[in-house]
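Listing of coords19.cif, mmCIF, C-alpha atoms
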data_query
loop_
_atom_site.label_atom_id
_atom_site.label_comp_id
_atom_site.auth_asym_id
_atom_site.auth_seq_id
_atom_site.Cartn_x
_atom_site.Cartn_y
_atom_site.Cartn_z
CA PRO A 1 67.90 52.26 -64.21
CA PHE A 2 68.16 48.84 -65.74
CA LEU A 3 69.62 47.32 -62.56
CA TRP A 4 66.99 49.03 -60.50
CA SER A 5 64.19 47.58 -62.68
CA TYR A 6 65.80 44.15 -62.61
CA ARG A 7 65.98 44.22 -58.82
CA ILE A 8 62.31 45.17 -58.59
CA CYS A 9 61.36 42.22 -60.82
CA ILE A 10 63.46 39.81 -58.75
CA ASP A 11 61.88 41.04 -55.51
CA PHE A 12 58.40 40.73 -57.02
CA MET A 13 59.06 37.17 -58.16
CA LYS A 14 60.44 36.24 -54.77
CA SER A 15 57.34 37.56 -53.02
CA LYS A 16 55.16 35.61 -55.48
CA LEU A 17 57.08 32.42 -54.84
CA ILE A 18 56.81 32.92 -51.10
CA LYS A 19 53.02 33.38 -51.38
CA VAL A 20 52.70 30.31 -53.57
CA ALA A 21 54.82 28.33 -51.12
CA ILE A 22 52.70 29.49 -48.20
CA LEU A 23 49.50 28.63 -50.08
CA ALA A 24 50.87 25.22 -50.98
CA ALA A 25 51.83 24.61 -47.36
CA VAL A 26 48.36 25.60 -46.18
CA LEU A 27 46.70 23.36 -48.74
CA PHE A 28 49.01 20.49 -47.81
CA LEU A 29 48.23 20.98 -44.13
CA ALA A 30 44.50 21.10 -44.85
CA ALA A 31 44.71 17.95 -46.95
CA THR A 32 46.65 16.22 -44.19
CA VAL A 33 44.05 17.19 -41.58
CA LEU A 34 41.22 16.04 -43.81
CA PHE A 35 43.02 12.75 -44.48
CA PHE A 36 43.65 11.92 -40.85
CA PHE A 37 40.29 13.19 -39.54
CA ARG A 38 38.13 12.15 -42.48
CA GLY A 39 36.36 9.50 -40.34
CA GLU A 40 35.37 11.93 -37.61
CA ILE A 41 34.19 14.51 -40.10
CA GLY A 42 32.16 11.88 -41.93
CA ASP A 43 30.63 10.73 -38.65
CA GLN A 44 29.76 14.31 -37.78
CA VAL A 45 27.99 14.79 -41.12
CA LYS A 46 26.14 11.49 -40.70
CA SER A 47 25.12 12.40 -37.14
CA MET A 48 23.76 15.75 -38.28
CA ARG A 49 21.78 14.04 -41.04
CA ALA A 50 20.50 11.36 -38.65
CA THR A 51 19.39 14.02 -36.16
CA SER A 52 17.55 15.86 -38.92
CA LEU A 53 15.80 12.66 -40.02
CA LEU A 54 14.84 11.82 -36.43
CA LYS A 55 13.23 15.24 -35.98
CA LYS A 56 11.31 14.61 -39.20
CA ALA A 57 10.16 11.23 -37.87
CA GLU A 58 9.03 12.76 -34.57
CA LYS A 59 7.05 15.44 -36.40
CA SER A 60 5.46 12.81 -38.65
CA VAL A 61 4.40 10.80 -35.59
CA GLU A 62 2.73 13.91 -34.15
CA GLU A 63 0.90 14.32 -37.45
CA LYS A 64 0.02 10.58 -37.46
CA ALA A 65 1.85 10.13 -40.77
CA TYR A 66 3.23 6.80 -39.60
CA ARG A 67 4.57 5.56 -42.93
CA GLU A 68 6.71 8.65 -43.43
CA ALA A 69 7.74 8.52 -39.78
CA SER A 70 8.90 4.89 -40.13
CA GLN A 71 10.91 5.68 -43.24
CA ALA A 72 12.62 8.67 -41.62
CA ALA A 73 13.30 6.81 -38.34
CA THR A 74 14.73 3.81 -40.20
CA ALA A 75 16.99 6.11 -42.23
CA ALA A 76 18.11 7.82 -39.01
CA TRP A 77 18.94 4.43 -37.51
CA GLN A 78 20.99 3.45 -40.57
CA LEU A 79 22.96 6.71 -40.37
CA GLN A 80 23.55 6.70 -36.61
CA THR A 81 27.17 6.31 -35.58
CA GLY A 82 26.67 4.67 -32.19
CA LYS A 83 26.50 7.86 -30.14
CA ILE A 84 24.41 7.37 -27.01
CA ASP A 85 22.64 10.75 -27.22
CA LEU A 86 21.12 10.03 -30.61
CA LEU A 87 20.24 6.45 -29.65
CA ARG A 88 18.42 7.68 -26.53
CA LYS A 89 16.34 10.04 -28.66
CA LEU A 90 15.67 7.37 -31.28
CA LEU A 91 14.42 4.75 -28.81
CA PRO A 92 11.00 6.32 -27.91
CA THR A 93 10.20 6.91 -31.59
CA ALA A 94 11.20 3.34 -32.45
CA ARG A 95 8.83 2.12 -29.72
CA GLU A 96 6.02 4.34 -30.94
CA LEU A 97 6.40 2.97 -34.48
CA THR A 98 7.31 -0.60 -33.44
CA LEU A 99 10.24 -0.58 -35.83
CA PRO A 100 11.64 -4.01 -36.78
CA GLU A 101 14.99 -2.74 -35.51
CA LEU A 102 13.56 -1.98 -32.03
CA PRO A 103 15.21 -4.96 -30.22
CA GLU A 104 18.58 -4.06 -31.75
CA ILE A 105 18.22 -0.38 -30.82
CA THR A 106 17.18 -1.35 -27.29
CA LEU A 107 20.16 -3.65 -26.84
CA LEU A 108 22.55 -1.03 -28.21
CA VAL A 109 21.35 1.57 -25.68
CA PHE A 110 21.25 -0.93 -22.80
CA LEU A 111 24.77 -2.28 -23.43
CA HIS A 112 26.34 1.01 -24.52
CA PRO A 113 29.55 1.84 -22.62
CA GLU A 114 28.13 5.30 -21.85
CA ALA A 115 24.69 4.02 -20.77
CA LYS A 116 23.65 5.22 -17.32
CA GLU A 117 21.83 3.16 -14.71
CA ASP A 118 18.70 5.22 -15.38
CA ASP A 119 18.82 4.14 -19.04
CA GLN A 120 18.97 0.49 -18.05
CA ILE A 121 16.29 0.81 -15.37
CA GLU A 122 13.91 2.49 -17.81
CA ILE A 123 14.48 -0.22 -20.42
CA LEU A 124 13.97 -3.03 -17.88
CA ASN A 125 10.68 -1.48 -16.72
CA TRP A 126 9.56 -0.99 -20.31
CA THR A 127 10.31 -4.63 -21.09
CA ILE A 128 8.23 -5.75 -18.09
CA SER A 129 5.32 -3.58 -19.23
CA ARG A 130 5.41 -5.33 -22.61
CA GLY A 131 5.25 -8.74 -20.95
CA ASP A 132 8.38 -9.89 -22.78
CA ALA A 133 9.87 -12.18 -20.13
CA ALA A 134 12.54 -13.70 -22.39
CA PHE A 135 13.89 -10.30 -23.46
CA PHE A 136 13.80 -9.04 -19.86
CA HIS A 137 15.92 -11.93 -18.62
CA GLN A 138 18.31 -11.53 -21.56
CA LEU A 139 18.87 -7.90 -20.54
CA HIS A 140 18.94 -8.63 -16.82
CA ASN A 141 21.52 -11.39 -17.22
CA SER A 142 23.77 -9.09 -19.25
CA LEU A 143 24.19 -6.79 -16.23
CA SER A 144 27.17 -7.18 -13.94
CA LYS A 145 26.65 -9.01 -10.64
CA GLU A 146 27.17 -5.75 -8.78
CA VAL A 147 24.39 -4.00 -10.70
CA ARG A 148 22.04 -6.98 -10.35
CA ARG A 149 22.52 -6.87 -6.59
CA SER A 150 21.50 -3.21 -6.33
CA PRO A 151 18.13 -2.68 -4.57
CA ARG A 152 16.62 -0.90 -7.58
CA VAL A 153 17.37 -3.76 -9.93
CA ARG A 154 16.31 -6.42 -7.40
CA LEU A 155 12.96 -4.68 -7.00
CA ILE A 156 12.49 -4.65 -10.76
CA PHE A 157 13.46 -8.33 -10.83
CA ALA A 158 10.81 -9.09 -8.18
CA THR A 159 8.23 -7.21 -10.25
CA ALA A 160 9.17 -9.25 -13.32
CA LEU A 161 8.82 -12.49 -11.39
CA ALA A 162 5.38 -11.42 -10.18
CA ARG A 163 4.31 -10.59 -13.73
CA GLU A 164 5.43 -14.06 -14.83
CA GLY A 165 3.30 -15.71 -12.14
CA ARG A 166 6.35 -16.79 -10.11
CA THR A 167 4.63 -15.49 -6.99
CA ILE A 168 6.62 -17.26 -4.27
CA GLU A 169 9.96 -16.21 -5.79
CA ALA A 170 8.71 -12.62 -6.16
CA ILE A 171 7.60 -12.54 -2.53
CA GLU A 172 10.98 -13.84 -1.33
CA VAL A 173 12.90 -11.15 -3.25
CA ALA A 174 10.54 -8.33 -2.26
CA ARG A 175 10.73 -9.23 1.44
CA THR A 176 14.51 -8.81 1.43
CA LEU A 177 14.05 -5.21 0.27
CA GLU A 178 11.47 -3.94 2.77
CA ALA A 179 14.15 -2.61 5.12
CA ASP A 180 15.93 -0.73 2.34
CA PRO A 181 15.69 3.05 2.90
CA GLU A 182 15.22 3.79 -0.81
CA GLU A 183 13.17 0.87 -2.14
CA GLY A 184 11.45 -0.38 1.02
CA THR A 185 8.15 1.39 0.40
CA GLU A 186 7.86 0.14 -3.17
CA ALA A 187 8.77 -3.38 -2.02
CA SER A 188 5.98 -3.31 0.58
CA LEU A 189 3.56 -1.98 -2.03
CA LEU A 190 4.53 -4.82 -4.37
CA LEU A 191 3.89 -7.34 -1.59
CA THR A 192 0.40 -5.92 -1.02
CA ALA A 193 -0.31 -6.73 -4.66
CA ILE A 194 1.08 -10.27 -4.77
CA LEU A 195 0.42 -11.74 -1.31
CA PRO A 196 -3.35 -11.83 -2.02
CA ARG A 197 -2.65 -14.20 -4.92
CA LEU A 198 -1.88 -17.03 -2.49
CA GLU A 199 -5.23 -18.84 -2.50
CA GLN A 200 -6.69 -20.26 0.69
CA ASN A 201 -3.93 -18.58 2.67
CA PRO A 202 -5.41 -16.33 5.40
CA LEU A 203 -1.92 -15.73 6.82
CA ALA A 204 -0.72 -14.20 3.54
CA TRP A 205 -3.92 -12.13 3.31
CA ALA A 206 -3.37 -10.83 6.85
CA GLN A 207 0.22 -9.90 6.00
CA ALA A 208 -0.98 -7.99 2.94
CA ARG A 209 -3.64 -6.17 4.99
CA GLU A 210 -1.10 -5.20 7.68
CA ARG A 211 1.18 -3.66 5.07
CA ILE A 212 -1.74 -1.84 3.45
CA ALA A 213 -2.81 -0.43 6.82
CA LYS A 214 0.66 1.10 7.29
CA LEU A 215 0.89 2.44 3.74
CA LEU A 216 -2.51 4.15 3.97
CA SER A 217 -0.88 6.83 6.13
CA HIS A 218 2.10 7.32 3.81
CA GLU A 219 2.86 10.95 3.04
CA ASP A 220 3.01 10.24 -0.69
CA GLU A 221 -0.62 10.13 -1.83
CA THR A 222 0.31 8.02 -4.86
CA VAL A 223 1.61 5.31 -2.54
CA SER A 224 -1.31 5.48 -0.11
CA LEU A 225 -3.88 5.44 -2.91
CA SER A 226 -2.21 2.44 -4.57
CA ALA A 227 -2.27 0.60 -1.24
CA TRP A 228 -5.96 1.46 -0.83
CA ARG A 229 -6.78 0.03 -4.25
CA HIS A 230 -4.89 -3.16 -3.42
CA LEU A 231 -7.49 -3.84 -0.72
CA ARG A 232 -9.79 -4.95 -3.55
CA LEU A 233 -7.41 -7.83 -4.24
CA LEU A 234 -8.24 -9.36 -0.86
CA PRO A 235 -11.35 -11.41 -0.03
CA LEU A 236 -14.12 -9.26 1.43
CA SER A 237 -13.66 -10.75 4.89
CA HIS A 238 -10.00 -9.64 4.98
CA ARG A 239 -10.24 -6.11 3.57
CA ASP A 240 -10.93 -3.99 6.65
CA PRO A 241 -7.66 -2.29 7.74
CA GLY A 242 -8.91 -2.13 11.34
CA PRO A 243 -11.49 -0.46 13.60
CA SER A 244 -9.41 2.69 14.06
CA PHE A 245 -9.43 3.35 10.32
CA ASP A 246 -12.28 5.55 9.03
CA PRO A 247 -12.78 4.73 5.30
CA LEU A 248 -15.12 7.63 4.49
CA ALA A 249 -12.96 10.20 6.27
CA TRP A 250 -9.84 8.83 4.55
CA ILE A 251 -11.49 9.04 1.12
CA SER A 252 -12.70 12.59 1.73
CA SER A 253 -9.12 13.68 2.50
CA ARG A 254 -7.81 12.44 -0.86
CA SER A 255 -7.88 14.41 -4.10
CA ASP A 256 -7.42 11.84 -6.85
CA ILE A 257 -10.21 9.38 -6.08
CA ASN A 258 -12.83 7.83 -8.36
CA PRO A 259 -16.25 6.13 -7.91
CA ALA A 260 -14.55 2.74 -7.46
CA ASP A 261 -12.60 4.15 -4.48
CA ARG A 262 -15.76 5.53 -2.90
CA PHE A 263 -17.55 2.23 -3.54
CA LEU A 264 -14.83 0.34 -1.65
CA ALA A 265 -15.18 2.73 1.30
CA SER A 266 -18.95 2.17 1.33
CA GLN A 267 -18.40 -1.59 1.26
CA LEU A 268 -16.08 -1.45 4.28
CA GLU A 269 -18.61 0.66 6.17
CA LEU A 270 -21.41 -1.77 5.25
CA TYR A 271 -19.65 -4.82 6.69
CA ARG A 272 -19.09 -3.00 9.96
CA LEU A 273 -22.85 -2.74 10.43
CA PRO A 274 -24.74 -5.29 12.52
CA GLU A 275 -26.15 -8.13 10.40
CA GLU A 276 -29.74 -6.87 10.75
CA ASP A 277 -28.85 -3.44 9.34
CA ARG A 278 -26.97 -4.59 6.25
CA GLU A 279 -29.97 -5.04 3.99
CA ARG A 280 -30.80 -1.38 4.34
CA GLY A 281 -27.15 -0.50 3.80
CA ILE A 282 -27.08 -2.50 0.57
CA ASP A 283 -30.10 -0.57 -0.71
CA VAL A 284 -28.29 2.69 0.03
CA ILE A 285 -25.25 1.50 -1.95
CA ILE A 286 -27.45 0.49 -4.90
CA ARG A 287 -29.08 3.91 -5.02
CA GLU A 288 -25.72 5.67 -4.83
CA TYR A 289 -23.67 3.62 -7.30
CA SER A 290 -26.02 1.88 -9.74
CA ARG A 291 -25.93 4.84 -12.14
CA GLN A 292 -22.17 5.45 -11.97
CA SER A 293 -20.74 3.61 -14.96
CA GLU A 294 -17.30 3.21 -13.39
CA ALA A 295 -18.74 1.62 -10.24
CA VAL A 296 -21.38 -0.61 -11.89
CA PRO A 297 -18.97 -3.47 -12.82
CA LEU A 298 -17.76 -3.58 -9.20
CA LEU A 299 -21.33 -3.51 -7.94
CA ALA A 300 -22.36 -6.35 -10.27
CA ARG A 301 -19.30 -8.46 -9.38
CA TRP A 302 -19.99 -7.96 -5.69
CA PHE A 303 -23.58 -9.16 -6.05
CA LEU A 304 -22.51 -12.25 -7.98
CA GLU A 305 -19.64 -13.13 -5.61
CA GLU A 306 -21.82 -12.71 -2.54
CA ARG A 307 -24.76 -14.60 -4.08
CA MET A 308 -27.02 -11.56 -4.17
CA ALA A 309 -28.04 -12.10 -7.80
CA ASP A 310 -31.52 -10.69 -7.24
CA LYS A 311 -29.92 -7.36 -6.24
CA LEU A 312 -28.24 -7.17 -9.64
CA MET A 313 -31.69 -6.78 -11.21
CA GLN A 314 -31.97 -3.38 -9.51
CA ILE A 315 -29.16 -1.94 -11.63
CA PRO A 316 -30.65 0.03 -14.58
CA GLU A 317 -30.76 -1.92 -17.84
CA THR A 318 -28.91 0.85 -19.70
CA GLU A 319 -25.94 0.43 -17.37
CA MET A 320 -25.99 -3.37 -17.78
CA LYS A 321 -25.48 -2.92 -21.52
CA GLY A 322 -22.24 -1.04 -20.92
CA THR A 323 -19.94 -4.03 -21.44
CA PRO A 324 -20.36 -7.61 -22.75
CA GLU A 325 -19.58 -8.89 -19.24
CA LEU A 326 -22.32 -6.83 -17.63
CA PHE A 327 -24.82 -7.79 -20.34
CA THR A 328 -24.15 -11.52 -19.97
CA SER A 329 -24.17 -11.23 -16.16
CA ARG A 330 -27.74 -9.95 -16.21
CA LEU A 331 -28.71 -12.66 -18.67
CA GLN A 332 -27.23 -15.39 -16.46
CA VAL A 333 -29.08 -14.03 -13.44
CA LEU A 334 -32.38 -14.07 -15.36
CA ILE A 335 -31.75 -17.70 -16.29
CA GLU A 336 -30.84 -18.60 -12.70
CA LEU A 337 -34.04 -16.97 -11.49
CA GLY A 338 -36.06 -19.01 -14.01
CA LYS A 339 -37.19 -15.94 -15.95
CA PHE A 340 -36.54 -17.56 -19.33
CA GLU A 341 -38.90 -15.47 -21.47
CA GLU A 342 -37.49 -12.28 -19.97
CA ALA A 343 -33.98 -13.66 -20.54
CA ASN A 344 -34.79 -14.38 -24.20
CA ALA A 345 -36.10 -10.83 -24.65
CA TRP A 346 -32.94 -9.45 -23.00
CA ARG A 347 -30.76 -11.60 -25.28
CA LYS A 348 -32.27 -9.93 -28.33
CA GLU A 349 -31.09 -6.55 -27.03
CA ALA A 350 -27.44 -7.61 -27.06
CA PRO A 351 -25.12 -4.72 -28.02
CA GLU A 352 -22.92 -5.20 -31.08
CA LYS A 353 -19.81 -5.54 -28.92
CA VAL A 354 -21.04 -8.88 -27.53
CA PRO A 355 -19.15 -11.50 -29.62
CA ASN A 356 -21.23 -13.79 -31.86
CA VAL A 357 -19.76 -16.87 -30.18
CA VAL A 358 -21.07 -15.67 -26.83
CA GLN A 359 -24.47 -14.81 -28.28
CA ASN A 360 -24.80 -18.26 -29.88
CA SER A 361 -23.85 -20.05 -26.66
CA ILE A 362 -26.43 -17.96 -24.79
CA ARG A 363 -29.08 -18.79 -27.37
CA ALA A 364 -28.25 -22.48 -27.09
CA ALA A 365 -28.50 -22.37 -23.28
CA LEU A 366 -31.83 -20.57 -23.46
CA ALA A 367 -33.17 -22.96 -26.10
CA ASN A 368 -32.39 -25.86 -23.76
CA LYS A 369 -34.17 -24.14 -20.88
CA LEU A 370 -37.19 -23.47 -23.14
CA ASP A 371 -37.22 -27.10 -24.41
CA ARG A 372 -36.19 -26.08 -27.93
CA ARG A 373 -33.68 -28.88 -28.30
CA SER A 374 -33.46 -28.84 -32.08
CA GLU A 375 -32.62 -25.13 -31.99
CA ALA A 376 -30.03 -25.72 -29.28
CA ILE A 377 -28.33 -28.46 -31.31
CA SER A 378 -28.22 -26.31 -34.45
CA LEU A 379 -26.36 -23.62 -32.52
#
How does the structure come out when it is put into structure tokens?
Amino acid sequence: PFLWSYRICIDFMKSKLIKVAILAAVLFLAATVLFFFRGEIGDQVKSMRATSLLKKAEKSVEEKAYREASQAATAAWQLQTGKIDLLRKLLPTARELTLPELPEITLLVFLHPEAKEDDQIEILNWTISRGDAAFFHQLHNSLSKEVRRSPRVRLIFATALAREGRTIEAIEVARTLEADPEEGTEASLLLTAILPRLEQNPLAWAQARERIAKLLSHEDETVSLSAWRHLRLLPLSHRDPGPSFDPLAWISSRSDINPADRFLASQLELYRLPEEDRERGIDVIIREYSRQSEAVPLLARWFLEERMADKLMQIPETEMKGTPELFTSRLQVLIELGKFEEANAWRKEAPEKVPNVVQNSIRAALANKLDRRSEAISL
């Protein structure tokens, strides 16, 4: 019995030692794994925390709690580990909040090894929309020659040049893209916007009008409507797309039009009338558009450009108070017509949005006209 008990004890101790050895081996293995993968695990924890903070920032933006949103977004940026997915999500929030780190975040996404062409295209377009020419060219120059030569990027480059006022260069780049099957339409549309900028150049105006005439029948209504609106960039004498084009019928077939679009159609129809019938046509246009707030600025500009200042007086006074430009336009016309007392009375009705500097200059001009020189000098 003693030997039997001893053997049982030995077996028990052996099994215990085996279990302890196994546990020690497991712990050693776990420690080894943690040691060698501690960086990845730490990055994973940081990424999860950064994602949580970014969601908090996005929610705060929705609630217009911008201070809290900035703090959370900045913390998310500090915790990010360079993964493209998180950076892509962070970028719109950084733009919304105008974070100080925005240029750095933008560059990191743009130059990221895993960045796609769509990422870079979106960033380039965003930079153009901000009017940041220096940053655009910094990004553009960082692209490989192959990417810069792609039609998409060349079109964006032409757009940037146009925004910078480098019209001739923009035209040259855009013209090389018109035959491209993917970007040709957008290149033509860009040319319709920038060719009219060439002053005293009827040939350029004609080229813009020819392109517009073709784009008006484009199956994509966004394209055709943009081309239509570019007609306003041309001088009145060069706007008509041609006798076969029916402006009113074209407008009636479009869904997303506004009073300014209809006004342009009416203008084109008016200038097709014989000279003796235009006065009556102008009166029809005044009756139709003088109470449409969106069309009134176009109506007023047309009267001033075509030296029909007296017609501007037929626009209701309430509409002419809509913007500082409209208010001062009516005032200038009253002065030109020699109606100084009426002009002075109109000046006193200036809306608050008319800047004080403008009001004082108007008062000075009126004081001169009314022989109040001392008052004019004091202003």
- Query: the PyMOL selection byres ((chain A and resi 78) around 12) on the file shown: which residues, as a VMD selection string?
  - Reply: chain A and resid 46 to 47 49 to 51 53 to 54 71 to 77 79 to 82 86 to 87 90 101 104 to 105
Per-residue nearest contacts stretch 192-254 of chain A to stretch 261-269 of chain A, cut-off 7 Å, using all atoms listed in the file, as CSV:
residue,atom,partner,partner_atom,distance
A:Asp240,CA,A:Leu268,CA,6.2
A:Pro247,CA,A:Ala265,CA,5.1
A:Leu248,CA,A:Ala265,CA,5.8
A:Ile251,CA,A:Arg262,CA,6.8
Problem set entry | Close residues, A:Leu331 itself excluded, 10 Å, only C-alpha atoms, min 5 positions apart in chain, as a PyMOL selection string | chain A and resi 313+320+325-326+336-337+339-340+342-347+350+362+366
Separation of atom CA of A:Val333 and atom CA of A:Trp302, in Å?
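So the two atoms, atom CA of A:Val333 and atom CA of A:Trp302, lie 13.4 Å apart.
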Taken to one decimal, the atom CA of A:Pro316-atom CA of A:Lys353 distance is 18.8 Å
Measuring between all atoms listed in the file, which one of A:Ala208, A:Ala162, A:Ala179, A:Ala187 shows the shortest distance to A:Arg239?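 Checking each candidate against A:Arg239, we get A:Ala208 as the closest.
For the pair atom CA of A:Pro259 and atom CA of A:Arg301, the interatomic distance is 15.0 Å.
Take the candidates A:Arg175, A:Ser70, A:Pro274, A:Glu306 and check each one against A:Pro100 using only C-alpha atoms; the shortest distance goes to A:Ser70.
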